[in-house]
Amino acid sequence: MATLSQQIVDKKFYRRQKTGKIKCLLCRHYCELSEGQTGVCGVNKNEGGKLINLVYGKVAALNIDPIEKKPLYHFLPGTTALSLGTVGCNMQCDFCQNWQISQEKTILQKDFISPEQIVNLAVKYKSQTIAYTYNEPTVFYPYVRDIALSAQKKGLKNIMVTNGIESEEVLNDMKGIIDAVNVDFKAFDENYYKKELKAPFTVRESLQSMKNNGIWVEVTTLIIPGINDDERQLKQIADFIVNKLGSDTPWHISAFHPDYKMKDKQATPYETIEKAYQTGIKAGLKFVYIGNVLRLKNITYCPVCHKILIERIGYQILNKHIVKGKCAYCNTKIPGIWN
Ligand code: SF4
């Protein structure tokens, strides 16, 4: 299969080593690749001493989603995001809910969708945002970057839903290109990341870098019974968010449902979710939300006058009382990017 010129990754995202290998700089695995070798993600390859992003333009999933589905609750509520992903991932989570594409290594060769075509689709379907999601966007960052720069010219925003193991090079590059992120903070346990997810525990550094680079940050933790549902660990995550990202940072606590290689585990009981919610509130977080629980209302309260600002059910906004980014009742500025 011939290599498309667009698939050749910009030299700032790989480096030739003295050993003759090339080092991929797209994520913290920093894979060193011999000629013809593909990295952990299965989609970045050394071909003739160049890094080739095999999934550039090869979209495996494309939908128009409510922004609330990412989830982003403090970012243009009630709007939609043209959402896309490819195959490939740099983690191997047994509970992945998108495993059909994230753990797939076969790349569809027939349809190439250019960055401009993606942007035109977003404009056509009136999405104000393009979301890089479903699988880990870091592994297809060269495509993300080209779409995002093209989208900016049309006044669109760009968001990434990510596991937080971007390389420093990608994190620095995201500044001014990516407007918002939802980052999975899967556990406060380095061993768990290494053994179970086969990945480095760099989510804390990534979150701080994103925050410092002016990107709007929301955090999600999927609570899995017996894995990360102990109060100590949840408190460590909540404390990290409060101390390093700020108490204004939304934290989404998400209920686990058996999937992929974890079909034998029970779904997260509601009492566990409620406990995690209280842990976040006690730690000082002002905006804690519960996800994956059917028919549960998720409410944003004004942190000063405590009136209801946004009431949601599922992905739907029932009412909104934020005007020009401020509480409609007491005029307090509410953190986020508002429409
Ligand atoms: S994106 Fe990450 S996992 Fe994939 S080749 Fe590059 S460093 Fe390795």
# chains A, B, ... in the order shown; residues from 1 in each chain; ligands from 1

call {"tool": "select_by_dssp", "arguments": {"residues": "stretch 143-281 of chain A", "states": "helix (DSSP H, G or I)", "output": "ChimeraX atom specification"}}
result
/A:143-153,168-174,190-197,203-212,231-245,270-281

call {"tool": "write_last_selection", "arguments": {"atoms": "C-alpha atoms", "output": "PDB file, in the first residue's frame"}}
result
ATOM      1  CA  TYR A 143      -4.494  14.412  11.707  1.00  0.00           C
ATOM      2  CA  VAL A 144      -6.046  16.166  14.756  1.00  0.00           C
ATOM      3  CA  ARG A 145      -3.651  19.064  14.300  1.00  0.00           C
ATOM      4  CA  ASP A 146      -4.391  19.578  10.607  1.00  0.00           C
ATOM      5  CA  ILE A 147      -8.152  19.386  11.137  1.00  0.00           C
ATOM      6  CA  ALA A 148      -7.982  21.727  14.139  1.00  0.00           C
ATOM      7  CA  LEU A 149      -5.978  24.385  12.298  1.00  0.00           C
ATOM      8  CA  SER A 150      -8.395  24.233   9.376  1.00  0.00           C
ATOM      9  CA  ALA A 151     -11.373  24.363  11.789  1.00  0.00           C
ATOM     10  CA  GLN A 152     -10.007  27.474  13.500  1.00  0.00           C
ATOM     11  CA  LYS A 153     -10.153  29.323  10.171  1.00  0.00           C
ATOM     12  CA  GLU A 168       5.528  16.754  26.226  1.00  0.00           C
ATOM     13  CA  GLU A 169       5.954  17.629  22.550  1.00  0.00           C
ATOM     14  CA  VAL A 170       2.245  17.098  21.828  1.00  0.00           C
ATOM     15  CA  LEU A 171       1.189  18.862  25.044  1.00  0.00           C
ATOM     16  CA  ASN A 172       3.208  21.935  24.062  1.00  0.00           C
ATOM     17  CA  ASP A 173       1.808  21.836  20.550  1.00  0.00           C
ATOM     18  CA  MET A 174      -1.804  21.697  21.763  1.00  0.00           C
ATOM     19  CA  GLU A 190       1.170   3.964  39.229  1.00  0.00           C
ATOM     20  CA  ASN A 191       1.263   0.161  39.406  1.00  0.00           C
ATOM     21  CA  TYR A 192      -2.274  -0.097  38.106  1.00  0.00           C
ATOM     22  CA  TYR A 193      -1.397   2.064  35.112  1.00  0.00           C
ATOM     23  CA  LYS A 194       1.708  -0.012  34.411  1.00  0.00           C
ATOM     24  CA  LYS A 195       0.310  -3.492  34.982  1.00  0.00           C
ATOM     25  CA  GLU A 196      -3.298  -3.215  33.853  1.00  0.00           C
ATOM     26  CA  LEU A 197      -3.319  -0.374  31.337  1.00  0.00           C
ATOM     27  CA  VAL A 203      -1.906  11.935  33.675  1.00  0.00           C
ATOM     28  CA  ARG A 204      -1.092  14.417  36.469  1.00  0.00           C
ATOM     29  CA  GLU A 205       1.701  16.123  34.529  1.00  0.00           C
ATOM     30  CA  SER A 206      -0.471  16.230  31.400  1.00  0.00           C
ATOM     31  CA  LEU A 207      -3.389  17.795  33.247  1.00  0.00           C
ATOM     32  CA  GLN A 208      -1.192  20.507  34.732  1.00  0.00           C
ATOM     33  CA  SER A 209       0.398  21.221  31.373  1.00  0.00           C
ATOM     34  CA  MET A 210      -2.990  21.530  29.669  1.00  0.00           C
ATOM     35  CA  LYS A 211      -4.240  23.826  32.411  1.00  0.00           C
ATOM     36  CA  ASN A 212      -1.084  25.979  32.218  1.00  0.00           C
ATOM     37  CA  GLU A 231     -12.197   6.200  49.364  1.00  0.00           C
ATOM     38  CA  ARG A 232      -8.462   6.829  49.810  1.00  0.00           C
ATOM     39  CA  GLN A 233      -7.796   6.678  46.089  1.00  0.00           C
ATOM     40  CA  LEU A 234     -10.811   8.785  45.149  1.00  0.00           C
ATOM     41  CA  LYS A 235      -9.791  11.354  47.735  1.00  0.00           C
ATOM     42  CA  GLN A 236      -6.284  11.456  46.234  1.00  0.00           C
ATOM     43  CA  ILE A 237      -7.759  12.211  42.804  1.00  0.00           C
ATOM     44  CA  ALA A 238     -10.134  14.846  44.195  1.00  0.00           C
ATOM     45  CA  ASP A 239      -7.337  16.465  46.249  1.00  0.00           C
ATOM     46  CA  PHE A 240      -5.062  16.535  43.212  1.00  0.00           C
ATOM     47  CA  ILE A 241      -7.750  18.303  41.178  1.00  0.00           C
ATOM     48  CA  VAL A 242      -8.403  20.855  43.939  1.00  0.00           C
ATOM     49  CA  ASN A 243      -4.724  21.550  44.689  1.00  0.00           C
ATOM     50  CA  LYS A 244      -3.188  21.430  41.216  1.00  0.00           C
ATOM     51  CA  LEU A 245      -5.997  22.320  38.804  1.00  0.00           C
ATOM     52  CA  TYR A 270     -25.272   3.760  43.022  1.00  0.00           C
ATOM     53  CA  GLU A 271     -24.150   4.010  46.691  1.00  0.00           C
ATOM     54  CA  THR A 272     -20.503   3.881  45.520  1.00  0.00           C
ATOM     55  CA  ILE A 273     -21.127   6.670  43.031  1.00  0.00           C
ATOM     56  CA  GLU A 274     -22.856   8.732  45.704  1.00  0.00           C
ATOM     57  CA  LYS A 275     -19.882   8.193  48.067  1.00  0.00           C
ATOM     58  CA  ALA A 276     -17.448   9.296  45.359  1.00  0.00           C
ATOM     59  CA  TYR A 277     -19.599  12.379  44.752  1.00  0.00           C
ATOM     60  CA  GLN A 278     -19.437  13.258  48.449  1.00  0.00           C
ATOM     61  CA  THR A 279     -15.651  12.702  48.439  1.00  0.00           C
ATOM     62  CA  GLY A 280     -15.327  15.297  45.676  1.00  0.00           C
ATOM     63  CA  ILE A 281     -17.563  17.797  47.444  1.00  0.00           C
TER      64      ILE A 281
END

call {"tool": "residues_around", "arguments": {"residues": "A:Glu35", "least_positions_apart": "4", "cutoff": "12 Å", "atoms": "only C-alpha atoms", "output": "JSON, numbers by chain"}}
result
{"A": [16, 19, 20, 21, 22, 23, 39, 44, 45, 46, 47, 48, 49, 50, 51, 52]}

call {"tool": "write_last_selection", "arguments": {"atoms": "N, CA, C and O atoms", "output": "CSV table (one decimal), in the first residue's frame"}}
result
chain,number,residue,atom,x,y,z
A,16,ARG,N,15.4,10.9,14.9
A,16,ARG,CA,16.3,9.7,14.5
A,16,ARG,C,17.3,9.5,15.6
A,16,ARG,O,17.9,10.4,16.2
A,19,THR,N,21.1,4.7,17.0
A,19,THR,CA,21.0,3.3,16.7
A,19,THR,C,20.4,3.0,15.3
A,19,THR,O,20.4,1.9,14.9
A,20,GLY,N,20.0,4.0,14.7
A,20,GLY,CA,19.3,3.8,13.4
A,20,GLY,C,17.8,3.8,13.5
A,20,GLY,O,17.1,3.8,12.5
A,21,LYS,N,17.3,3.6,14.8
A,21,LYS,CA,15.9,3.6,15.0
A,21,LYS,C,15.3,5.0,14.9
A,21,LYS,O,16.1,5.9,15.0
A,22,ILE,N,14.0,5.1,14.9
A,22,ILE,CA,13.4,6.4,15.1
A,22,ILE,C,12.6,6.4,16.4
A,22,ILE,O,12.0,5.3,16.7
A,23,LYS,N,12.5,7.5,17.0
A,23,LYS,CA,11.8,7.6,18.3
A,23,LYS,C,10.5,8.4,18.0
A,23,LYS,O,10.6,9.6,17.6
A,39,GLY,N,4.5,1.0,16.5
A,39,GLY,CA,4.6,1.2,17.9
A,39,GLY,C,3.4,0.5,18.7
A,39,GLY,O,2.6,-0.2,18.1
A,44,ASN,N,1.4,3.9,14.3
A,44,ASN,CA,2.5,4.8,13.9
A,44,ASN,C,3.7,3.9,13.6
A,44,ASN,O,4.1,3.0,14.4
A,45,LYS,N,4.3,4.1,12.4
A,45,LYS,CA,5.2,3.1,11.9
A,45,LYS,C,6.5,3.8,11.3
A,45,LYS,O,6.4,4.9,10.7
A,46,ASN,N,7.6,3.1,11.5
A,46,ASN,CA,8.9,3.5,10.8
A,46,ASN,C,8.9,3.0,9.4
A,46,ASN,O,9.0,1.7,9.2
A,47,GLU,N,8.8,3.9,8.4
A,47,GLU,CA,8.9,3.4,7.0
A,47,GLU,C,10.0,4.2,6.4
A,47,GLU,O,9.9,5.5,6.2
A,48,GLY,N,11.1,3.6,6.1
A,48,GLY,CA,12.2,4.3,5.4
A,48,GLY,C,12.8,5.4,6.3
A,48,GLY,O,13.2,6.5,5.7
A,49,GLY,N,12.8,5.2,7.6
A,49,GLY,CA,13.4,6.3,8.5
A,49,GLY,C,12.4,7.4,8.7
A,49,GLY,O,12.8,8.4,9.3
A,50,LYS,N,11.2,7.3,8.2
A,50,LYS,CA,10.2,8.4,8.5
A,50,LYS,C,9.1,7.8,9.4
A,50,LYS,O,8.8,6.6,9.3
A,51,LEU,N,8.5,8.7,10.2
A,51,LEU,CA,7.4,8.2,11.0
A,51,LEU,C,6.1,8.4,10.1
A,51,LEU,O,5.8,9.5,9.7
A,52,ILE,N,5.4,7.3,10.0
A,52,ILE,CA,4.1,7.3,9.2
A,52,ILE,C,3.0,7.1,10.1
A,52,ILE,O,2.9,6.1,10.8

call {"tool": "closest_residue", "arguments": {"among": "A:Leu4, A:Met262, A:Ile118, A:Ile334", "to": "A:Phe95", "atoms": "only C-alpha atoms"}}
result
A:Met262

call {"tool": "residues_near_ligand", "arguments": {"ligand": "ligand 1", "cutoff": "7 Å", "atoms": "only C-alpha atoms and all ligand atoms", "output": "ChimeraX atom specification"}}
result
/A:24-31,38-45,90,138-139

call {"tool": "closest_residue", "arguments": {"among": "A:Trp99, A:Tyr14, A:Phe188, A:Tyr315", "to": "A:Asp65", "atoms": "only C-alpha atoms"}}
result
A:Tyr315

call {"tool": "residues_around", "arguments": {"residues": "A:Arg312", "least_positions_apart": "4", "cutoff": "9 Å", "atoms": "only C-alpha atoms", "output": "PyMOL selection string"}}
result
chain A and resi 296-300+316-320

call {"tool": "decode", "arguments": {"residues": "stretch 127-140 of chain A", "atoms": "all heavy atoms", "output": "CSV table (one decimal), in the first residue's frame"}}
result
chain,number,residue,atom,x,y,z
A,127,SER,N,-22.2,22.1,13.7
A,127,SER,CA,-21.5,21.8,15.0
A,127,SER,C,-20.5,22.9,15.2
A,127,SER,O,-19.7,23.3,14.3
A,127,SER,CB,-20.8,20.5,14.9
A,127,SER,OG,-21.7,19.4,14.9
A,128,GLN,N,-20.5,23.4,16.4
A,128,GLN,CA,-19.5,24.5,16.7
A,128,GLN,C,-18.1,24.0,17.1
A,128,GLN,O,-17.2,24.8,17.2
A,128,GLN,CB,-20.0,25.4,17.8
A,128,GLN,CG,-21.3,26.2,17.4
A,128,GLN,CD,-21.8,27.0,18.6
A,128,GLN,OE1,-21.1,27.5,19.4
A,128,GLN,NE2,-23.1,27.1,18.7
A,129,THR,N,-18.1,22.7,17.2
A,129,THR,CA,-16.9,22.1,17.8
A,129,THR,C,-16.5,20.8,17.0
A,129,THR,O,-17.4,20.1,16.5
A,129,THR,CB,-17.1,21.7,19.3
A,129,THR,OG1,-17.5,22.9,20.0
A,129,THR,CG2,-15.8,21.2,19.9
A,130,ILE,N,-15.3,20.5,16.9
A,130,ILE,CA,-14.9,19.2,16.4
A,130,ILE,C,-14.2,18.4,17.6
A,130,ILE,O,-13.4,19.0,18.3
A,130,ILE,CB,-13.9,19.3,15.2
A,130,ILE,CG1,-14.6,20.0,14.1
A,130,ILE,CG2,-13.5,17.9,14.8
A,130,ILE,CD1,-13.8,20.2,12.8
A,131,ALA,N,-14.7,17.2,17.8
A,131,ALA,CA,-14.2,16.4,19.0
A,131,ALA,C,-13.4,15.3,18.5
A,131,ALA,O,-13.8,14.5,17.6
A,131,ALA,CB,-15.3,15.9,19.8
A,132,TYR,N,-12.2,15.1,19.0
A,132,TYR,CA,-11.3,14.0,18.7
A,132,TYR,C,-11.5,13.0,19.9
A,132,TYR,O,-11.0,13.3,21.0
A,132,TYR,CB,-9.9,14.5,18.5
A,132,TYR,CG,-9.9,15.7,17.6
A,132,TYR,CD1,-9.9,17.0,18.1
A,132,TYR,CD2,-10.0,15.5,16.2
A,132,TYR,CE1,-10.0,18.1,17.2
A,132,TYR,CE2,-10.0,16.6,15.3
A,132,TYR,CZ,-10.0,17.9,15.8
A,132,TYR,OH,-10.1,18.9,15.0
A,133,THR,N,-12.1,11.9,19.6
A,133,THR,CA,-12.6,11.1,20.7
A,133,THR,C,-12.8,9.6,20.2
A,133,THR,O,-12.2,9.3,19.2
A,133,THR,CB,-14.0,11.7,21.2
A,133,THR,OG1,-14.6,10.9,22.2
A,133,THR,CG2,-15.0,11.8,20.0
A,134,TYR,N,-13.4,8.8,21.0
A,134,TYR,CA,-13.7,7.4,20.8
A,134,TYR,C,-12.4,6.5,21.0
A,134,TYR,O,-12.5,5.6,21.8
A,134,TYR,CB,-14.2,7.1,19.4
A,134,TYR,CG,-15.5,7.9,19.1
A,134,TYR,CD1,-15.7,8.5,17.8
A,134,TYR,CD2,-16.5,8.0,20.0
A,134,TYR,CE1,-16.8,9.2,17.5
A,134,TYR,CE2,-17.7,8.7,19.7
A,134,TYR,CZ,-17.8,9.3,18.4
A,134,TYR,OH,-18.9,10.0,18.1
A,135,ASN,N,-11.3,6.8,20.3
A,135,ASN,CA,-10.0,6.2,20.6
A,135,ASN,C,-9.1,7.3,21.1
A,135,ASN,O,-9.6,8.4,21.2
A,135,ASN,CB,-9.4,5.4,19.5
A,135,ASN,CG,-9.0,6.3,18.3
A,135,ASN,OD1,-9.7,7.3,18.0
A,135,ASN,ND2,-7.9,6.0,17.7
A,136,GLU,N,-7.9,7.0,21.4
A,136,GLU,CA,-7.0,8.0,22.0
A,136,GLU,C,-6.5,9.0,20.8
A,136,GLU,O,-5.7,8.5,20.0
A,136,GLU,CB,-5.8,7.4,22.7
A,136,GLU,CG,-4.8,8.3,23.2
A,136,GLU,CD,-5.3,9.5,23.9
A,136,GLU,OE1,-6.2,9.3,24.8
A,136,GLU,OE2,-4.9,10.6,23.6
A,137,PRO,N,-6.9,10.2,20.9
A,137,PRO,CA,-6.5,11.1,19.8
A,137,PRO,C,-5.0,11.4,19.7
A,137,PRO,O,-4.5,11.8,18.6
A,137,PRO,CB,-7.2,12.4,20.1
A,137,PRO,CG,-7.7,12.3,21.5
A,137,PRO,CD,-7.8,10.9,21.8
A,138,THR,N,-4.2,11.2,20.8
A,138,THR,CA,-2.8,11.4,20.7
A,138,THR,C,-2.1,10.5,19.6
A,138,THR,O,-1.2,11.0,18.9
A,138,THR,CB,-2.1,11.0,22.0
A,138,THR,OG1,-2.9,11.4,23.1
A,138,THR,CG2,-0.7,11.6,22.1
A,139,VAL,N,-2.7,9.3,19.4
A,139,VAL,CA,-2.1,8.4,18.4
A,139,VAL,C,-2.4,8.9,17.0
A,139,VAL,O,-1.7,8.4,16.0
A,139,VAL,CB,-2.5,6.9,18.6
A,139,VAL,CG1,-2.2,6.5,20.0
A,139,VAL,CG2,-3.9,6.6,18.2
A,140,PHE,N,-3.3,9.8,16.8
A,140,PHE,CA,-3.5,10.3,15.5
A,140,PHE,C,-3.4,11.9,15.5
A,140,PHE,O,-4.0,12.6,14.7
A,140,PHE,CB,-4.9,9.8,14.8
A,140,PHE,CG,-6.2,10.2,15.5
A,140,PHE,CD1,-6.9,11.3,15.1
A,140,PHE,CD2,-6.7,9.5,16.5
A,140,PHE,CE1,-8.1,11.6,15.6
A,140,PHE,CE2,-7.9,9.8,17.1
A,140,PHE,CZ,-8.6,10.9,16.7
